[in-house]
$ cat protein.cif   # mmCIF, C-alpha atoms and all ligand atoms
data_start
#
loop_
_atom_site.label_atom_id
_atom_site.label_comp_id
_atom_site.auth_asym_id
_atom_site.auth_seq_id
_atom_site.Cartn_x
_atom_site.Cartn_y
_atom_site.Cartn_z
CA MET G 1 31.01 59.21 -19.11
CA PRO G 2 33.04 60.69 -16.25
CA ASN G 3 31.76 63.95 -14.91
CA SER G 4 34.51 66.09 -16.46
CA GLY G 5 33.93 64.39 -19.83
CA ARG G 6 30.24 65.15 -19.64
CA MET G 7 30.88 68.77 -18.72
CA SER G 8 33.36 69.16 -21.52
CA VAL G 9 30.83 67.82 -24.05
CA GLU G 10 28.31 70.29 -22.67
CA SER G 11 30.81 73.14 -22.98
CA ILE G 12 31.60 72.21 -26.56
CA ARG G 13 27.90 72.04 -27.45
CA TYR G 14 27.30 75.34 -25.73
CA TRP G 15 30.07 76.98 -27.73
CA LEU G 16 29.00 75.42 -31.04
CA ASN G 17 25.40 76.50 -30.53
CA ASP G 18 26.20 80.07 -29.73
CA ARG G 19 29.68 80.83 -30.99
CA ASP G 20 28.61 84.06 -32.69
CA HIS G 21 27.42 85.46 -29.38
CA TYR G 22 30.27 84.20 -27.28
CA PRO G 23 31.16 87.18 -25.10
CA PRO G 24 34.44 88.85 -26.08
CA VAL G 25 35.50 88.93 -22.42
CA TYR G 26 35.41 85.11 -22.33
CA ASN G 27 37.37 84.85 -25.54
CA ARG G 28 39.93 87.29 -24.17
CA PHE G 29 40.28 85.21 -21.04
CA PHE G 30 40.91 82.03 -23.04
CA VAL G 31 43.66 83.70 -25.09
CA HIS G 32 45.22 85.17 -21.95
CA TRP G 33 45.23 81.79 -20.26
CA MET G 34 46.67 80.02 -23.28
CA LEU G 35 49.59 82.47 -23.39
CA PHE G 36 50.17 82.26 -19.66
CA ASN G 37 50.02 78.46 -19.92
CA SER G 38 52.74 78.53 -22.58
CA TYR G 39 55.00 80.21 -20.01
CA TYR G 40 54.22 78.32 -16.80
CA SER G 41 54.43 74.94 -18.54
CA LYS G 42 58.20 75.31 -18.19
CA TYR G 43 57.77 74.18 -14.59
CA GLU G 44 56.54 70.85 -15.99
CA ASP G 45 54.43 70.15 -12.97
CA GLY G 46 50.79 70.34 -14.01
CA ASP G 47 48.58 73.39 -14.27
CA LYS G 48 48.01 74.28 -10.65
CA GLU G 49 51.58 73.63 -9.58
CA GLY G 50 52.87 75.57 -12.60
CA VAL G 51 50.75 78.60 -11.72
CA MET G 52 51.74 78.45 -8.06
CA LYS G 53 55.44 78.03 -8.86
CA PHE G 54 55.23 81.03 -11.14
CA ALA G 55 53.60 82.97 -8.28
CA GLU G 56 56.25 81.81 -5.84
CA GLU G 57 59.06 82.91 -8.13
CA HIS G 58 57.61 86.16 -9.47
CA GLY G 59 54.69 87.09 -7.23
CA ASP G 60 56.43 89.72 -5.12
CA THR G 61 57.94 91.57 -8.09
CA LEU G 62 54.72 91.29 -10.05
CA TRP G 63 52.77 92.78 -7.16
CA GLU G 64 55.23 95.66 -6.62
CA LYS G 65 55.91 96.59 -10.22
CA GLY G 66 52.70 95.96 -12.11
CA GLN G 67 49.28 97.52 -12.07
CA ILE G 68 47.91 94.30 -10.68
CA GLN G 69 47.09 95.86 -7.30
CA ALA G 70 44.11 97.63 -8.83
CA VAL G 71 42.35 94.38 -9.74
CA PRO G 72 41.64 92.38 -6.57
CA LYS G 73 39.23 94.83 -4.94
CA GLU G 74 36.42 94.08 -7.39
CA LEU G 75 37.21 90.38 -7.32
CA THR G 76 37.02 90.15 -3.53
CA GLU G 77 33.91 92.26 -3.12
CA ILE G 78 31.73 89.83 -5.02
CA GLU G 79 30.59 86.44 -3.73
CA CYS G 80 33.38 84.06 -2.65
CA VAL G 81 34.64 82.01 -5.59
CA GLY G 82 33.37 78.46 -5.12
CA LYS G 83 34.59 75.14 -6.35
CA GLY G 84 32.54 74.65 -9.50
CA LYS G 85 28.94 75.46 -10.01
CA GLY G 86 26.27 77.17 -7.96
CA GLU G 87 26.38 76.94 -4.21
CA ASN G 88 29.52 74.87 -3.85
CA PRO G 89 31.79 76.31 -1.18
CA PRO G 90 35.34 77.32 -2.11
CA HIS G 91 38.30 74.97 -2.09
CA PRO G 92 40.06 75.52 1.27
CA GLU G 93 43.03 77.11 -0.54
CA VAL G 94 40.72 79.50 -2.34
CA LYS G 95 39.01 80.39 0.91
CA SER G 96 42.40 81.15 2.48
CA ALA G 97 43.46 83.19 -0.54
CA THR G 98 40.20 85.15 -0.50
CA VAL G 99 40.40 85.92 3.21
CA PHE G 100 44.09 86.87 2.83
CA LEU G 101 43.30 89.40 0.07
CA ARG G 102 40.25 90.80 1.83
CA THR G 103 42.25 91.36 5.00
CA LEU G 104 44.99 93.06 2.99
CA LEU G 105 42.46 95.36 1.35
CA GLY G 106 40.59 96.09 4.57
CA ILE G 107 37.49 94.28 3.37
CA GLU G 108 35.72 92.33 6.08
CA HIS G 109 35.34 88.71 4.95
CA ASP G 110 32.41 87.95 7.25
CA ARG G 111 30.51 90.99 6.04
CA ILE G 112 30.86 90.02 2.36
CA CYS G 113 30.00 86.40 3.14
CA LEU G 114 26.96 87.44 5.12
CA GLN G 115 25.66 90.07 2.73
CA VAL G 116 26.72 88.78 -0.66
CA CYS G 117 27.23 84.99 -0.59
CA ARG G 118 24.30 82.68 -1.14
CA GLU G 119 23.11 81.20 2.12
CA ALA G 120 23.87 77.55 1.35
CA LYS G 121 27.32 78.45 0.13
CA ARG G 122 28.03 80.54 3.21
CA ARG G 123 26.91 77.76 5.55
CA LYS G 124 29.21 75.21 3.93
CA CYS G 125 32.02 77.74 3.63
CA SER G 126 31.99 78.58 7.33
CA ASN G 127 32.83 74.95 8.18
CA LEU G 128 35.81 74.91 5.88
CA ARG G 129 39.26 74.90 7.35
CA PHE G 130 41.89 77.17 5.92
CA ALA G 131 44.60 75.66 3.80
CA LYS G 132 47.56 77.95 3.83
CA ARG G 133 49.16 78.13 0.49
CA ALA G 134 49.39 81.66 -0.80
CA ASP G 135 51.94 83.73 1.03
CA ASN G 136 52.09 86.78 -1.19
CA PRO G 137 49.19 88.82 -2.58
CA ALA G 138 49.90 87.89 -6.19
CA SER G 139 49.89 84.18 -5.42
CA ALA G 140 46.62 84.53 -3.49
CA LEU G 141 45.18 86.32 -6.51
CA LEU G 142 46.48 83.71 -8.94
CA ARG G 143 45.08 80.88 -6.82
CA ILE G 144 41.61 82.43 -7.16
CA VAL G 145 42.06 83.09 -10.88
CA TYR G 146 43.20 79.49 -11.31
CA GLN G 147 39.94 78.35 -9.68
CA ILE G 148 37.91 80.56 -12.01
CA ARG G 149 39.83 79.06 -14.92
CA CYS G 150 39.00 75.53 -13.69
CA ASN G 151 35.34 76.40 -13.30
CA LEU G 152 35.35 77.84 -16.81
CA PHE G 153 37.34 75.13 -18.52
CA HIS G 154 35.30 72.40 -16.92
CA GLY G 155 32.16 74.01 -18.19
CA ASP G 156 30.74 75.13 -14.88
CA LYS G 157 30.82 78.83 -15.48
CA LEU G 158 29.73 79.01 -19.07
CA GLU G 159 26.46 80.64 -18.12
CA TYR G 160 26.78 84.09 -19.57
CA ASP G 161 23.05 84.57 -19.97
CA GLY G 162 21.65 82.84 -16.88
CA PRO G 163 20.97 84.16 -13.38
CA GLU G 164 24.69 84.23 -12.58
CA ALA G 165 25.58 86.01 -15.81
CA GLN G 166 26.62 89.29 -14.29
CA ARG G 167 28.79 87.74 -11.59
CA ASN G 168 30.39 85.33 -14.06
CA MET G 169 31.16 88.17 -16.45
CA SER G 170 32.71 90.09 -13.60
CA LEU G 171 34.83 87.11 -12.49
CA VAL G 172 36.06 86.47 -16.01
CA ASN G 173 36.74 90.14 -16.60
CA CYS G 174 38.76 90.50 -13.37
CA SER G 175 40.69 87.34 -14.16
CA SER G 176 41.51 88.68 -17.59
CA GLY G 177 42.74 91.89 -15.96
CA VAL G 178 45.05 89.91 -13.68
CA LEU G 179 46.37 87.83 -16.57
CA ASP G 180 46.95 90.91 -18.67
CA GLU G 181 49.31 92.21 -15.97
CA VAL G 182 50.94 88.81 -15.69
CA LEU G 183 51.59 88.71 -19.44
CA LYS G 184 52.98 92.25 -19.45
CA TYR G 185 55.29 91.25 -16.63
CA ILE G 186 56.40 88.06 -18.41
CA SER G 187 57.10 90.06 -21.56
CA THR G 188 59.78 92.00 -19.65
CA LEU G 189 61.65 88.87 -18.58
CA GLU G 190 64.88 87.95 -20.28
CA PRO G 191 64.03 85.08 -22.64
CA ARG G 192 67.41 83.42 -22.20
CA GLY G 193 67.23 80.45 -19.85
CA THR G 194 63.48 80.55 -19.59
CA GLU G 195 62.63 78.35 -22.55
ZN ZN I 201 31.47 83.68 1.20
#

$ encode --input "protein.cif" --output "structure tokens" --more "lines below"
Ligand SMILES: [Zn+2]
Amino acid sequence: MPNSGRMSVESIRYWLNDRDHYPPVYNRFFVHWMLFNSYYSKYEDGDKEGVMKFAEEHGDTLWEKGQIQAVPKELTEIECVGKGKGENPPHPEVKSATVFLRTLLGIEHDRICLQVCREAKRRKCSNLRFAKRADNPASALLRIVYQIRCNLFHGDKLEYDGPEAQRNMSLVNCSSGVLDEVLKYISTLEPRGTE
């Protein structure tokens, strides 16, 4: 079975075995993402492209008007978001987005990496090139949230009772906070021409 198939079977088993204790914050995130997905699918370009096109079109207004500015501090003060499970370093785009937001917020990337990130992750991360993609704060934020969503949906982050439980809960909670602002913003858009 391909890796993603195996992980999805594991995720499904995990959910079936413990559905009564599934943390509300995870459930909230899934609903948030589903609703956001129903909007960005209009770009008809796949998940990541849809999210990034949304950010390109609405990111500046979303950042200025919404309460979204309050969210990234917590998200960027915890360990860098990696690509998948454990000590994997971030995707280069996620690294760029993280450094972009930290710089904006006056948080020193090297300090967080040195003090908070796991050693193996930090070592691999420091060799990563930047991949410029996000050019507004909201799109940087959404690139990171998209990565968290991938890690979750592919079953990598479904450890809500393991050693990474607290960090995972925090990541999912922050992501939900971002998506809540995104949905509030979308709800103010004129429906005509957007369907
Ligand atoms: Zn780091």

$ residues_near_ligand --input "protein.cif" --ligand "ligand ZN 201 (chain I)" --cutoff "6 Å" --atoms "all atoms listed in the file" --output "VMD selection string"
chain G and resid 79 to 80 113 117 122

$ residues_around --input "protein.cif" --residues "Tyr40 of chain G" --least-positions-apart "5" --cutoff "10 Å" --atoms "all atoms listed in the file" --output "list in words"
Leu35, Asp45, Gly46, Asp47, Lys48, Glu49, Gly50, Val51, Met52, Lys53, Phe54, Ala55 and Thr194 of chain G

$ residues_around --input "protein.cif" --residues "Cys125 of chain G" --least-positions-apart "2" --cutoff "12 Å" --atoms "only C-alpha atoms" --output "PyMOL selection string"
chain G and resi 79-83+87-96+98-99+109-110+113-114+117-123+127-130

$ closest_residue --input "protein.cif" --among "G:Ala97, G:Leu62, G:Ile78, G:Leu141" --to "Glu181 of chain G" --atoms "all atoms listed in the file"
G:Leu62

$ atom_distance --input "protein.cif" --atom1 "atom CA of Gln147 of chain G" --atom2 "atom CA of Ser175 of chain G"
10.1 Å

$ residues_around --input "protein.cif" --residues "Arg149 of chain G" --least-positions-apart "6" --cutoff "12 Å" --atoms "all atoms listed in the file" --output "PyMOL selection string"
chain G and resi 26+29-34+36-37+47-48+51+81-84+142-143+155-158+168+171-176+179

$ residues_around --input "protein.cif" --residues "His21 of chain G" --least-positions-apart "4" --cutoff "10 Å" --atoms "all atoms listed in the file" --output "PyMOL selection string"
chain G and resi 15+17+160

$ residues_around --input "protein.cif" --residues "Gly59 of chain G" --least-positions-apart "6" --cutoff "9 Å" --atoms "only C-alpha atoms" --output "list of chain:residue names"
G:Asn136, G:Pro137, G:Ala138, G:Ser139

$ write_last_selection --input "protein.cif" --atoms "C-alpha atoms" --output "PDB file, in the frame of the given file"
ATOM      1  CA  ASN G 136      52.090  86.780  -1.190  1.00  0.00           C
ATOM      2  CA  PRO G 137      49.190  88.820  -2.580  1.00  0.00           C
ATOM      3  CA  ALA G 138      49.900  87.890  -6.190  1.00  0.00           C
ATOM      4  CA  SER G 139      49.890  84.180  -5.420  1.00  0.00           C
TER       5      SER G 139
END

$ atom_distance --input "protein.cif" --atom1 "atom CA of Asp18 of chain G" --atom2 "atom CA of Asp161 of chain G"
11.2 Å

$ atom_distance --input "protein.cif" --atom1 "atom CA of Val178 of chain G" --atom2 "atom CA of Ala70 of chain G"
9.2 Å

$ closest_residue --input "protein.cif" --among "G:Lys73, G:Glu56, G:Glu64, G:Ser187" --to "Glu108 of chain G" --atoms "all atoms listed in the file"
G:Lys73

$ closest_residue --input "protein.cif" --among "G:Ile144, G:Arg167, G:Ser126, G:Ile12" --to "Leu101 of chain G" --atoms "only C-alpha atoms"
G:Ile144
